[in-house]
Amino acid sequence: MKKSDKKKSDKKNKLYLSDKQPLSTVGKLMLFLSYIVLFAWALIILLPLADMVVSAFNGRQEQYIMLNDNFQFSLKHFDYLFNETLYLSWVKNTLFIAIMTAVITLIIVSFTGFAYSRYRFKGRKASLMAIMLIQTIPTFAGITAYFTMHSVISSIAPFFTRQMMLILIYAGGGIASNTFILKGYIDSISTELDDAARIDGCSSMQVYRLIIMPIAKPMLAIIALWSFIGPFMDYLLPRVLLTNPESYTLAAGLFTLINDFRTMNQPAFAAGGLLTAIPIVALFIVLQKQLVSGLSQGSVKG
Amino acid sequence: MGKYNEFLYDDIGNEYARKNLYLLELAKLQSKLKTAKAEEKLEINDAIKKLIKNKKNNPYNLELSSYKSKEKNFLTTLNAKVKVFVSNLDKSIDGKLKKMEKDLFISTEKASFYKKYVPLTHDAALAYERNCIMRDQLPEIIQKYKTTKDELTNAKAHLKQIDVQNEKKVKLEIKEFASKQKAIFNEGKLKLKEKRHSKLISDKALKNGIIELQKKRSEAINLKSYESDKKSTKELIENKKYVLNKGIRRELNVLKSNISDLRRKTPIELSKTKPYFSAITVLFPGIGQLLNKQALKAIVFAFATLFIYVIAIPYALGFGNYQGSGISGLISLAEGGKKVDKSLIFMIEGIVAIFLLMFSAALLMLSYFDVKKVEKDAMKGIRPRNWFESYSKIGQEGFPYLVSLPALIVTVFIVIVPITTAIMLSFTGMDPKHQSKFTWVGIENYKLIATGSGLAGSVFWSILGWTLVWTVCATSLAIFVGFMLAIIANNDRIKGKTFFRVVYLLPWAVPAFITIMFFSIMFSQNGSITTLLDNFFNIQLTAKTDPFYSRIVLILLQTWLGSSYVFLLSTGVLQAIPGDLYEAAQIDGATEWQKLKRITIPIVLFQTAPLLVGQYTFNFNNFSIIYLFNGGGPFNPSKYGNLAGSTDLLISYIYKLTMENQYQSIGAAITIVISLGLMLFAFIGFKNSKAFKEERL
């Protein structure tokens with residue numbers, strides 16, 4: 001009895017059950033090589049980031065980050081970051097700018113996306129084309145003007161701060177591409193839904209509000225997210241437009257920790273970078289599929 | 001003398017007979033004239049002349065004018081009657097009801113007056129039928145309003161007298177009911193769980209079942225709670241209020257749209273034959289609409305007039321400017337002005353003035369064409385739309401324009417005005433010595449760039465060369481690495497794909513400025529990478545001081561950063577490739593390499609091409625990596641002058657020119673040059689894109 005059982009299981013083990021072809025020696029070698037390449041690249045990615053994490057927590061690091069065998073866990077760089085720098089106000093500024101940008105972008109783009117998808121009006125194609133081309137001009141081109149424009153506007157409306165200018169620039173710059181993305185998405189929503197709603201007596205505004213927007217929510221979320229992340233990533237405009245360290249965004253503020261001799265503190269920069277990166281990385285990991293699809297949709301449609 | 005048509009037409013081309021006999025006769029003669037022979041022509045012409053001469057004594061016209069004077073009388077007496085009627089109304093009723101009662105009274109009176117004149121003119125016919133509709137439909141609405149109002153007051157009174165004792169009792173009952181429901185729910189849940197336990201249903205079915213039970217429970221409780229007198233009365237009050245507010249409005253809208261249907265079906269007859277209102281009032285939007293008897297539309301257009309004459313034109317003439325002098329400031333650029341006057345402000349205000357004038361011109365055109373269309377239609381027989389109709393038309397056809405307006409304004413002021421400024425600036429001589437006042441210099445700056453001369457222009461070509469090398473190398477390498485990794489990782493036999501994907505996502509997800517700055521630290525003289533290389537391989541890497549190594553490191557760094565994005569994109573595409581393609585290839589005896597070359601690469605490239613092109617333009621303008629890594633350095637004044645470093649791209653060179661060294665005009669010129677190049681690039685890509693070709697835009 002026992003013997004036959006063993007025999008059976010032996011036989012079972014020898015059966016090749018996978019639907020893939022068995023690997024040849026070359027194949028095995030290739031697989032091995034593949035693993036090596038993948039792990040090597042993973043290491044290349046992880047090591048610098050790991051160095052950043054370690055430096056942020058290493059109490060032995062002084063003003064300059066150096067290769068250091070000694071590691072002593074300490075939160076003193078974070079302590080420095082929160083107490084000696086304006087990190088918290090930078091976070092606050094960045095959040096304010098990011099949220100406002102996302103909100104303004106959403107409001108403007110949800111309307112234009114709907115209009116460009118559902119209506120065939122005069123000048124539609126020409127305007128889309130024009131905006132697309134104008135967008136290829138780097139934001140840079142306007143920098144000289146932004147400065148002066150801000151001083152003109154703020155003399156009329158004193159509450160108009162440089163941060164608001166920044167928000168408008170971010171929102172204005174994203175209109176065209178986001179309109180494209182959203183238009184593509186709304187195009188894929190059946191127009192029968194609109195027709196049904198219109199027959200039931202909905203006005204255009206109601207179709208927009210009650211039919212299209214709820215369905216387009218996933219794409220709106222992606223657009224909002226991208227507009228939200230933009231100000232976190234951008235260094236150039238805040239650096240040029242914002243003159244007061246109190247009003248800096250994270251990117252501009254953290255840069256002062258590594259390029260200015262008076263405020264130089266590289267480990268604190270590592271700590272600040274870490275704190276900034278973690279929420280964004282988490283967002284990206286959770287939403288990677290949607291983010292990538294949002295990107296590619298906008299481009300393929302455009 | 002204009003031409004008249006024998007018939008009148010409406011919006012959709014229905015034909016109507018004229019009721020104005022005088023005009024009808026004229027039209028008949030005119031049409032006869034067209035087909036008549038030469039000898040008859042004189043005769044007909046005479047007849048027409050005679051007819052026009054006797055216009056005042058024409059029997060139809062006499063009748064018409066008598067009708068008009070009667071109508072006038074009737075309206076004045078009606079006014080007096082209405083006043084009496086209103087004063088006799090019950091004082092306690094509210095404004096809405098009062099207005100409806102008044103309208104009803106007026107429409108009854110009017111209907112009986114106009115009835116006699118229906119055959120005479122279309123206007124009277126319209127007035128008659130319109131008032132008939134109101135006379136017939138208003139009573140029902142008034143009745144509904146009254147009863148709902150009564151019910152509302154009753155319900156409110158009832159709410160005050162609710163028996164507290166009884167209410168308490170009911171509350172207790174409801175509580176009891178709720179606990180019973182809970183028991184039922186728990187029982188059901190237990191049963192479901194048992195079923196799940198004995199594997200009769202799946203996990204999902206269990207979940208759904210529980211949700212269903214919960215819904216049932218809350219619905220039952222909700223239903224029961226209306227047994228409470230208080231709650232149901234409150235609900236009733238809510239309901240009645242809604243009816244009074246929205247319900248009545250909806251009924252009135254139905255009435256209005258019935259009337260507008262009627263208006264569409266009743267033509268208008270005018271003796272006018274040329275649309276001269278539009279020509280006369282072209283400069284003053286609003287007046288033309290007023291002449292067309294579209295009062296509310298006129299008010300809307302009056303705002304346009306206000307904008308043009310109070311804001312745009314004064315601003316263009318230099319009033320209300322911050323510092324400049326409107327459009328003339330664009331020419332003078334504050335030359336000879338006060339010391340505080342800045343040429344740049346004059347320029348920007350001039351540009352803003354131009355855009356305001358352009359808006360004004362657009363408004364004028366809009367108004368002109370609107371008035372003209374309404375006039376022309378009216379001559380054909382189509383009645384001008386009343387406000388209710390215009391409003392709903394604007395809601396449909398004007399909707400895309402209205403909702404795009406914020407986008408337009410933001411784009412004009414945030415994108416187009418600054419770009420125009422840059423274009424103009426490139427034709428001026430704004431440099432460190434001419435900061436506050438500068439003049440037009442023509443194409444001087446472009447000449448400097450083209451010939452590669454001058455302080456700023458001399459390095460243009462060498463920087464352009466490096467920019468191109470950088471763009472091609474960095475992007476291609478990133479694409480290559482990302483794509484290779486995607487193919488390798490997409491192998492079925494590779495385990496731990498999630499791990500690799502998350503890790504490979506990191507360079508994209510961590511904000512680039514952080515990684516670049518940190519790499520900058522690591523590659524510095526005492527940085528960890530430099531030290532590591534020195535310790536292990538005995539290589540002295542001088543990434544920050546040697547131009548060649550610096551460039552290599554930058555390209556590798558961009559590969560590190562950019563490959564992540566390409567990897568994610570290609571992975572997405574790879575996973576979507578149907579497996580049967582590969583199976584078919586295998587059956588045909590294709591090798592792995594052939595499969596890769598003939599299936600995988602073409603599909604992935606085709607799908608991601610636009611994005612990859614975008615990567616090239618992105619890197620062409622990749623300011624942050626250059627500036628944050630080493631500030632464009634290392635600097636080599638003998639080769640690159642004092643303004644640029646050896647790794648500076650055009651974009652960071654422009655930044656240094658404009659922001660750090662104040663050579664704004666030549667910076668602007670370079671911006672324009674590269675923008676034109678990029679635009680051409682984008683335009684070609686755009687023209688060839690699938691979306692554009694298929695007219696799906």
# chains A, B, ... in the order shown; residues from 1 in each chain; ligands from 1
>>> residues_around(residues="Ala98 of chain A", least_positions_apart="5", cutoff="10 Å", atoms="only C-alpha atoms", output="count of residues only")
16
>>> residues_around(residues="Ile278 of chain A", least_positions_apart="6", cutoff="10 Å", atoms="only C-alpha atoms", output="ChimeraX atom specification")
/A:284 /B:509-511
>>> residues_around(residues="Ile222 of chain A", least_positions_apart="2", cutoff="10 Å", atoms="only C-alpha atoms", output="compact mmCIF listing (two decimals) with N, CA and C atoms, in the first residue's frame")
# COMPACT_ATOMS: atom_id res chain seq x y z
N ASN A 178 -4.83 69.31 -20.64
CA ASN A 178 -5.87 68.66 -19.84
C ASN A 178 -7.20 68.63 -20.57
N ILE A 181 -7.05 65.65 -22.76
CA ILE A 181 -7.22 64.39 -22.05
C ILE A 181 -8.69 64.18 -21.71
N LEU A 182 -9.31 65.20 -21.15
CA LEU A 182 -10.68 65.06 -20.70
C LEU A 182 -11.62 64.90 -21.90
N LYS A 217 -15.64 61.23 -13.59
CA LYS A 217 -14.92 61.41 -12.32
C LYS A 217 -13.52 60.79 -12.30
N PRO A 218 -13.36 59.57 -12.80
CA PRO A 218 -12.00 58.99 -12.73
C PRO A 218 -10.97 59.86 -13.43
N MET A 219 -11.34 60.35 -14.62
CA MET A 219 -10.37 61.17 -15.35
C MET A 219 -10.18 62.51 -14.68
N LEU A 220 -11.27 63.05 -14.13
CA LEU A 220 -11.13 64.32 -13.40
C LEU A 220 -10.18 64.14 -12.23
N ALA A 224 -6.88 66.26 -11.66
CA ALA A 224 -6.68 66.99 -10.40
C ALA A 224 -5.35 66.56 -9.78
N LEU A 225 -5.09 65.27 -9.82
CA LEU A 225 -3.87 64.76 -9.20
C LEU A 225 -2.64 65.31 -9.90
N TRP A 226 -2.67 65.30 -11.23
CA TRP A 226 -1.52 65.82 -11.96
C TRP A 226 -1.31 67.29 -11.69
N SER A 227 -2.42 68.05 -11.68
CA SER A 227 -2.26 69.48 -11.41
C SER A 227 -1.77 69.68 -9.98
N PHE A 228 -2.18 68.78 -9.11
CA PHE A 228 -1.77 68.90 -7.72
C PHE A 228 -0.29 68.61 -7.56
N LEU A 287 -1.70 54.56 -7.39
CA LEU A 287 -2.49 54.94 -8.56
C LEU A 287 -1.72 54.77 -9.87
N GLN A 290 -3.68 54.18 -13.21
CA GLN A 290 -4.49 55.30 -13.68
C GLN A 290 -3.63 56.43 -14.19
N LEU A 291 -2.52 56.71 -13.50
CA LEU A 291 -1.68 57.82 -13.90
C LEU A 291 -1.10 57.58 -15.28
N VAL A 292 -0.61 56.37 -15.49
CA VAL A 292 -0.01 56.07 -16.78
C VAL A 292 -1.06 56.12 -17.88
N SER A 293 -2.24 55.55 -17.61
CA SER A 293 -3.26 55.54 -18.65
C SER A 293 -3.71 56.95 -18.96
N GLY A 294 -3.78 57.81 -17.93
CA GLY A 294 -4.15 59.20 -18.16
C GLY A 294 -3.17 59.87 -19.08
N LEU A 295 -1.90 59.62 -18.84
CA LEU A 295 -0.86 60.21 -19.66
C LEU A 295 -0.99 59.78 -21.11
>>> residues_around(residues="segment 464-474 of chain B", least_positions_apart="6", cutoff="7 Å", atoms="only C-alpha atoms", output="VMD selection string")
chain B and resid 555 558 to 559 616 619 to 620 649 to 650
>>> residues_around(residues="Val310 of chain B", least_positions_apart="5", cutoff="12 Å", atoms="only C-alpha atoms", output="count of residues only")
12
>>> select_by_dssp(residues="segment 454-610 of chain B", states="helix (DSSP H, G or I)", output="JSON, numbers by chain")
{"B": [454, 455, 456, 457, 460, 461, 462, 463, 464, 465, 466, 467, 468, 469, 470, 471, 472, 473, 474, 475, 476, 477, 478, 479, 480, 481, 482, 483, 484, 485, 486, 487, 488, 489, 497, 498, 499, 500, 501, 502, 503, 504, 505, 506, 507, 508, 509, 512, 513, 514, 515, 516, 517, 518, 519, 520, 521, 522, 528, 529, 530, 531, 532, 533, 534, 535, 536, 537, 547, 548, 549, 550, 551, 552, 553, 554, 555, 556, 557, 558, 559, 560, 561, 562, 563, 564, 565, 566, 567, 568, 569, 570, 571, 572, 573, 574, 575, 576, 579, 580, 581, 582, 583, 584, 585, 586, 587, 592, 593, 594, 595, 596, 597, 598, 599, 600, 601, 602, 603, 604, 605, 606, 607, 608, 609, 610]}
>>> residues_around(residues="Gln135 of chain A", least_positions_apart="4", cutoff="9 Å", atoms="only C-alpha atoms", output="list in words")
Ala130, Ile131, Thr139, Gly173, Gly174, Ala176 and Ser177 of chain A; Val415 and Met679 of chain B
>>> write_last_selection(atoms="C-alpha atoms", output="mmCIF file, in the first residue's frame")
data_model
loop_
_atom_site.group_PDB
_atom_site.id
_atom_site.type_symbol
_atom_site.label_atom_id
_atom_site.label_comp_id
_atom_site.auth_asym_id
_atom_site.auth_seq_id
_atom_site.Cartn_x
_atom_site.Cartn_y
_atom_site.Cartn_z
ATOM 1 C CA ALA A 130 -3.538 77.061 -31.869
ATOM 2 C CA ILE A 131 -3.463 76.274 -28.174
ATOM 3 C CA THR A 139 6.682 78.722 -19.982
ATOM 4 C CA GLY A 173 -0.420 76.370 -18.666
ATOM 5 C CA GLY A 174 -2.289 73.110 -18.151
ATOM 6 C CA ALA A 176 -4.798 72.798 -23.309
ATOM 7 C CA SER A 177 -3.319 69.411 -22.548
ATOM 8 C CA VAL B 415 -0.124 82.589 -21.904
ATOM 9 C CA MET B 679 6.415 74.398 -32.805
#
>>> decode(residues="segment 66-108 of chain A", atoms="N, CA and C atoms", output="PDB file, in the first residue's frame")
ATOM      1  N   MET A  66      28.749  62.993   3.563  1.00  0.00           N
ATOM      2  CA  MET A  66      29.906  62.262   3.049  1.00  0.00           C
ATOM      3  C   MET A  66      29.671  60.786   3.251  1.00  0.00           C
ATOM      4  N   LEU A  67      30.474  60.006   2.535  1.00  0.00           N
ATOM      5  CA  LEU A  67      30.381  58.571   2.734  1.00  0.00           C
ATOM      6  C   LEU A  67      30.866  58.290   4.146  1.00  0.00           C
ATOM      7  N   ASN A  68      30.038  57.641   4.892  1.00  0.00           N
ATOM      8  CA  ASN A  68      30.308  57.566   6.311  1.00  0.00           C
ATOM      9  C   ASN A  68      30.039  56.159   6.806  1.00  0.00           C
ATOM     10  N   ASP A  69      31.021  55.547   7.391  1.00  0.00           N
ATOM     11  CA  ASP A  69      30.827  54.196   7.898  1.00  0.00           C
ATOM     12  C   ASP A  69      30.018  54.195   9.184  1.00  0.00           C
ATOM     13  N   ASN A  70      30.120  55.290   9.884  1.00  0.00           N
ATOM     14  CA  ASN A  70      29.424  55.333  11.166  1.00  0.00           C
ATOM     15  C   ASN A  70      27.970  55.709  10.946  1.00  0.00           C
ATOM     16  N   PHE A  71      27.133  54.893  11.548  1.00  0.00           N
ATOM     17  CA  PHE A  71      25.727  55.264  11.491  1.00  0.00           C
ATOM     18  C   PHE A  71      25.183  55.337  12.901  1.00  0.00           C
ATOM     19  N   GLN A  72      24.523  56.421  13.164  1.00  0.00           N
ATOM     20  CA  GLN A  72      23.898  56.524  14.473  1.00  0.00           C
ATOM     21  C   GLN A  72      22.511  57.085  14.251  1.00  0.00           C
ATOM     22  N   PHE A  73      21.538  56.290  14.626  1.00  0.00           N
ATOM     23  CA  PHE A  73      20.173  56.729  14.370  1.00  0.00           C
ATOM     24  C   PHE A  73      19.870  57.994  15.169  1.00  0.00           C
ATOM     25  N   SER A  74      19.341  58.991  14.443  1.00  0.00           N
ATOM     26  CA  SER A  74      19.003  60.222  15.146  1.00  0.00           C
ATOM     27  C   SER A  74      18.004  60.993  14.313  1.00  0.00           C
ATOM     28  N   LEU A  75      17.199  61.747  14.999  1.00  0.00           N
ATOM     29  CA  LEU A  75      16.217  62.552  14.283  1.00  0.00           C
ATOM     30  C   LEU A  75      16.630  64.010  14.265  1.00  0.00           C
ATOM     31  N   LYS A  76      17.898  64.251  14.480  1.00  0.00           N
ATOM     32  CA  LYS A  76      18.283  65.644  14.662  1.00  0.00           C
ATOM     33  C   LYS A  76      18.155  66.466  13.381  1.00  0.00           C
ATOM     34  N   HIS A  77      18.278  65.786  12.228  1.00  0.00           N
ATOM     35  CA  HIS A  77      18.124  66.539  10.988  1.00  0.00           C
ATOM     36  C   HIS A  77      16.679  66.965  10.783  1.00  0.00           C
ATOM     37  N   PHE A  78      15.782  66.084  11.186  1.00  0.00           N
ATOM     38  CA  PHE A  78      14.370  66.458  11.111  1.00  0.00           C
ATOM     39  C   PHE A  78      14.086  67.589  12.085  1.00  0.00           C
ATOM     40  N   ASP A  79      14.690  67.469  13.218  1.00  0.00           N
ATOM     41  CA  ASP A  79      14.543  68.507  14.229  1.00  0.00           C
ATOM     42  C   ASP A  79      15.002  69.842  13.660  1.00  0.00           C
ATOM     43  N   TYR A  80      16.170  69.819  13.027  1.00  0.00           N
ATOM     44  CA  TYR A  80      16.714  71.031  12.420  1.00  0.00           C
ATOM     45  C   TYR A  80      15.744  71.565  11.366  1.00  0.00           C
ATOM     46  N   LEU A  81      15.257  70.620  10.562  1.00  0.00           N
ATOM     47  CA  LEU A  81      14.373  71.001   9.466  1.00  0.00           C
ATOM     48  C   LEU A  81      13.141  71.739   9.981  1.00  0.00           C
ATOM     49  N   PHE A  82      12.584  71.217  11.059  1.00  0.00           N
ATOM     50  CA  PHE A  82      11.334  71.814  11.526  1.00  0.00           C
ATOM     51  C   PHE A  82      11.558  73.080  12.325  1.00  0.00           C
ATOM     52  N   ASN A  83      12.677  73.131  13.038  1.00  0.00           N
ATOM     53  CA  ASN A  83      12.855  74.263  13.938  1.00  0.00           C
ATOM     54  C   ASN A  83      13.743  75.371  13.388  1.00  0.00           C
ATOM     55  N   GLU A  84      14.691  74.998  12.558  1.00  0.00           N
ATOM     56  CA  GLU A  84      15.637  76.021  12.103  1.00  0.00           C
ATOM     57  C   GLU A  84      15.319  76.531  10.701  1.00  0.00           C
ATOM     58  N   THR A  85      14.543  75.792   9.958  1.00  0.00           N
ATOM     59  CA  THR A  85      14.217  76.269   8.607  1.00  0.00           C
ATOM     60  C   THR A  85      12.728  76.581   8.519  1.00  0.00           C
ATOM     61  N   LEU A  86      12.331  77.063   7.366  1.00  0.00           N
ATOM     62  CA  LEU A  86      10.928  77.432   7.171  1.00  0.00           C
ATOM     63  C   LEU A  86      10.143  76.287   6.539  1.00  0.00           C
ATOM     64  N   TYR A  87      10.619  75.043   6.790  1.00  0.00           N
ATOM     65  CA  TYR A  87      10.042  73.889   6.105  1.00  0.00           C
ATOM     66  C   TYR A  87       8.515  73.857   6.186  1.00  0.00           C
ATOM     67  N   LEU A  88       7.983  74.102   7.368  1.00  0.00           N
ATOM     68  CA  LEU A  88       6.529  73.989   7.523  1.00  0.00           C
ATOM     69  C   LEU A  88       5.794  75.022   6.671  1.00  0.00           C
ATOM     70  N   SER A  89       6.343  76.237   6.607  1.00  0.00           N
ATOM     71  CA  SER A  89       5.642  77.213   5.763  1.00  0.00           C
ATOM     72  C   SER A  89       5.821  76.875   4.289  1.00  0.00           C
ATOM     73  N   TRP A  90       6.953  76.249   3.951  1.00  0.00           N
ATOM     74  CA  TRP A  90       7.083  75.803   2.557  1.00  0.00           C
ATOM     75  C   TRP A  90       6.028  74.765   2.236  1.00  0.00           C
ATOM     76  N   VAL A  91       5.840  73.824   3.160  1.00  0.00           N
ATOM     77  CA  VAL A  91       4.811  72.800   2.938  1.00  0.00           C
ATOM     78  C   VAL A  91       3.458  73.466   2.778  1.00  0.00           C
ATOM     79  N   LYS A  92       3.200  74.412   3.662  1.00  0.00           N
ATOM     80  CA  LYS A  92       1.909  75.095   3.629  1.00  0.00           C
ATOM     81  C   LYS A  92       1.724  75.810   2.280  1.00  0.00           C
ATOM     82  N   ASN A  93       2.761  76.534   1.870  1.00  0.00           N
ATOM     83  CA  ASN A  93       2.682  77.255   0.589  1.00  0.00           C
ATOM     84  C   ASN A  93       2.430  76.298  -0.562  1.00  0.00           C
ATOM     85  N   THR A  94       3.221  75.217  -0.560  1.00  0.00           N
ATOM     86  CA  THR A  94       3.097  74.281  -1.674  1.00  0.00           C
ATOM     87  C   THR A  94       1.700  73.680  -1.707  1.00  0.00           C
ATOM     88  N   LEU A  95       1.197  73.311  -0.532  1.00  0.00           N
ATOM     89  CA  LEU A  95      -0.136  72.723  -0.488  1.00  0.00           C
ATOM     90  C   LEU A  95      -1.165  73.728  -0.995  1.00  0.00           C
ATOM     91  N   PHE A  96      -1.028  74.968  -0.519  1.00  0.00           N
ATOM     92  CA  PHE A  96      -1.980  76.004  -0.948  1.00  0.00           C
ATOM     93  C   PHE A  96      -1.956  76.148  -2.466  1.00  0.00           C
ATOM     94  N   ILE A  97      -0.743  76.302  -3.000  1.00  0.00           N
ATOM     95  CA  ILE A  97      -0.614  76.494  -4.446  1.00  0.00           C
ATOM     96  C   ILE A  97      -1.134  75.264  -5.195  1.00  0.00           C
ATOM     97  N   ALA A  98      -0.758  74.079  -4.695  1.00  0.00           N
ATOM     98  CA  ALA A  98      -1.157  72.852  -5.389  1.00  0.00           C
ATOM     99  C   ALA A  98      -2.672  72.695  -5.383  1.00  0.00           C
ATOM    100  N   ILE A  99      -3.289  72.924  -4.227  1.00  0.00           N
ATOM    101  CA  ILE A  99      -4.737  72.725  -4.146  1.00  0.00           C
ATOM    102  C   ILE A  99      -5.461  73.742  -5.021  1.00  0.00           C
ATOM    103  N   MET A 100      -5.029  74.998  -4.932  1.00  0.00           N
ATOM    104  CA  MET A 100      -5.689  76.020  -5.738  1.00  0.00           C
ATOM    105  C   MET A 100      -5.531  75.712  -7.231  1.00  0.00           C
ATOM    106  N   THR A 101      -4.317  75.296  -7.600  1.00  0.00           N
ATOM    107  CA  THR A 101      -4.093  74.962  -9.008  1.00  0.00           C
ATOM    108  C   THR A 101      -5.037  73.850  -9.443  1.00  0.00           C
ATOM    109  N   ALA A 102      -5.119  72.818  -8.607  1.00  0.00           N
ATOM    110  CA  ALA A 102      -5.979  71.690  -8.969  1.00  0.00           C
ATOM    111  C   ALA A 102      -7.422  72.141  -9.103  1.00  0.00           C
ATOM    112  N   VAL A 103      -7.876  72.959  -8.170  1.00  0.00           N
ATOM    113  CA  VAL A 103      -9.282  73.377  -8.194  1.00  0.00           C
ATOM    114  C   VAL A 103      -9.572  74.224  -9.431  1.00  0.00           C
ATOM    115  N   ILE A 104      -8.708  75.215  -9.666  1.00  0.00           N
ATOM    116  CA  ILE A 104      -8.953  76.097 -10.821  1.00  0.00           C
ATOM    117  C   ILE A 104      -8.876  75.300 -12.124  1.00  0.00           C
ATOM    118  N   THR A 105      -7.860  74.444 -12.213  1.00  0.00           N
ATOM    119  CA  THR A 105      -7.739  73.622 -13.420  1.00  0.00           C
ATOM    120  C   THR A 105      -8.999  72.795 -13.631  1.00  0.00           C
ATOM    121  N   LEU A 106      -9.463  72.170 -12.550  1.00  0.00           N
ATOM    122  CA  LEU A 106     -10.642  71.307 -12.672  1.00  0.00           C
ATOM    123  C   LEU A 106     -11.841  72.094 -13.163  1.00  0.00           C
ATOM    124  N   ILE A 107     -12.061  73.248 -12.561  1.00  0.00           N
ATOM    125  CA  ILE A 107     -13.251  74.029 -12.928  1.00  0.00           C
ATOM    126  C   ILE A 107     -13.178  74.399 -14.406  1.00  0.00           C
ATOM    127  N   ILE A 108     -12.027  74.956 -14.811  1.00  0.00           N
ATOM    128  CA  ILE A 108     -11.920  75.422 -16.192  1.00  0.00           C
ATOM    129  C   ILE A 108     -11.972  74.251 -17.166  1.00  0.00           C
TER     130      ILE A 108
END
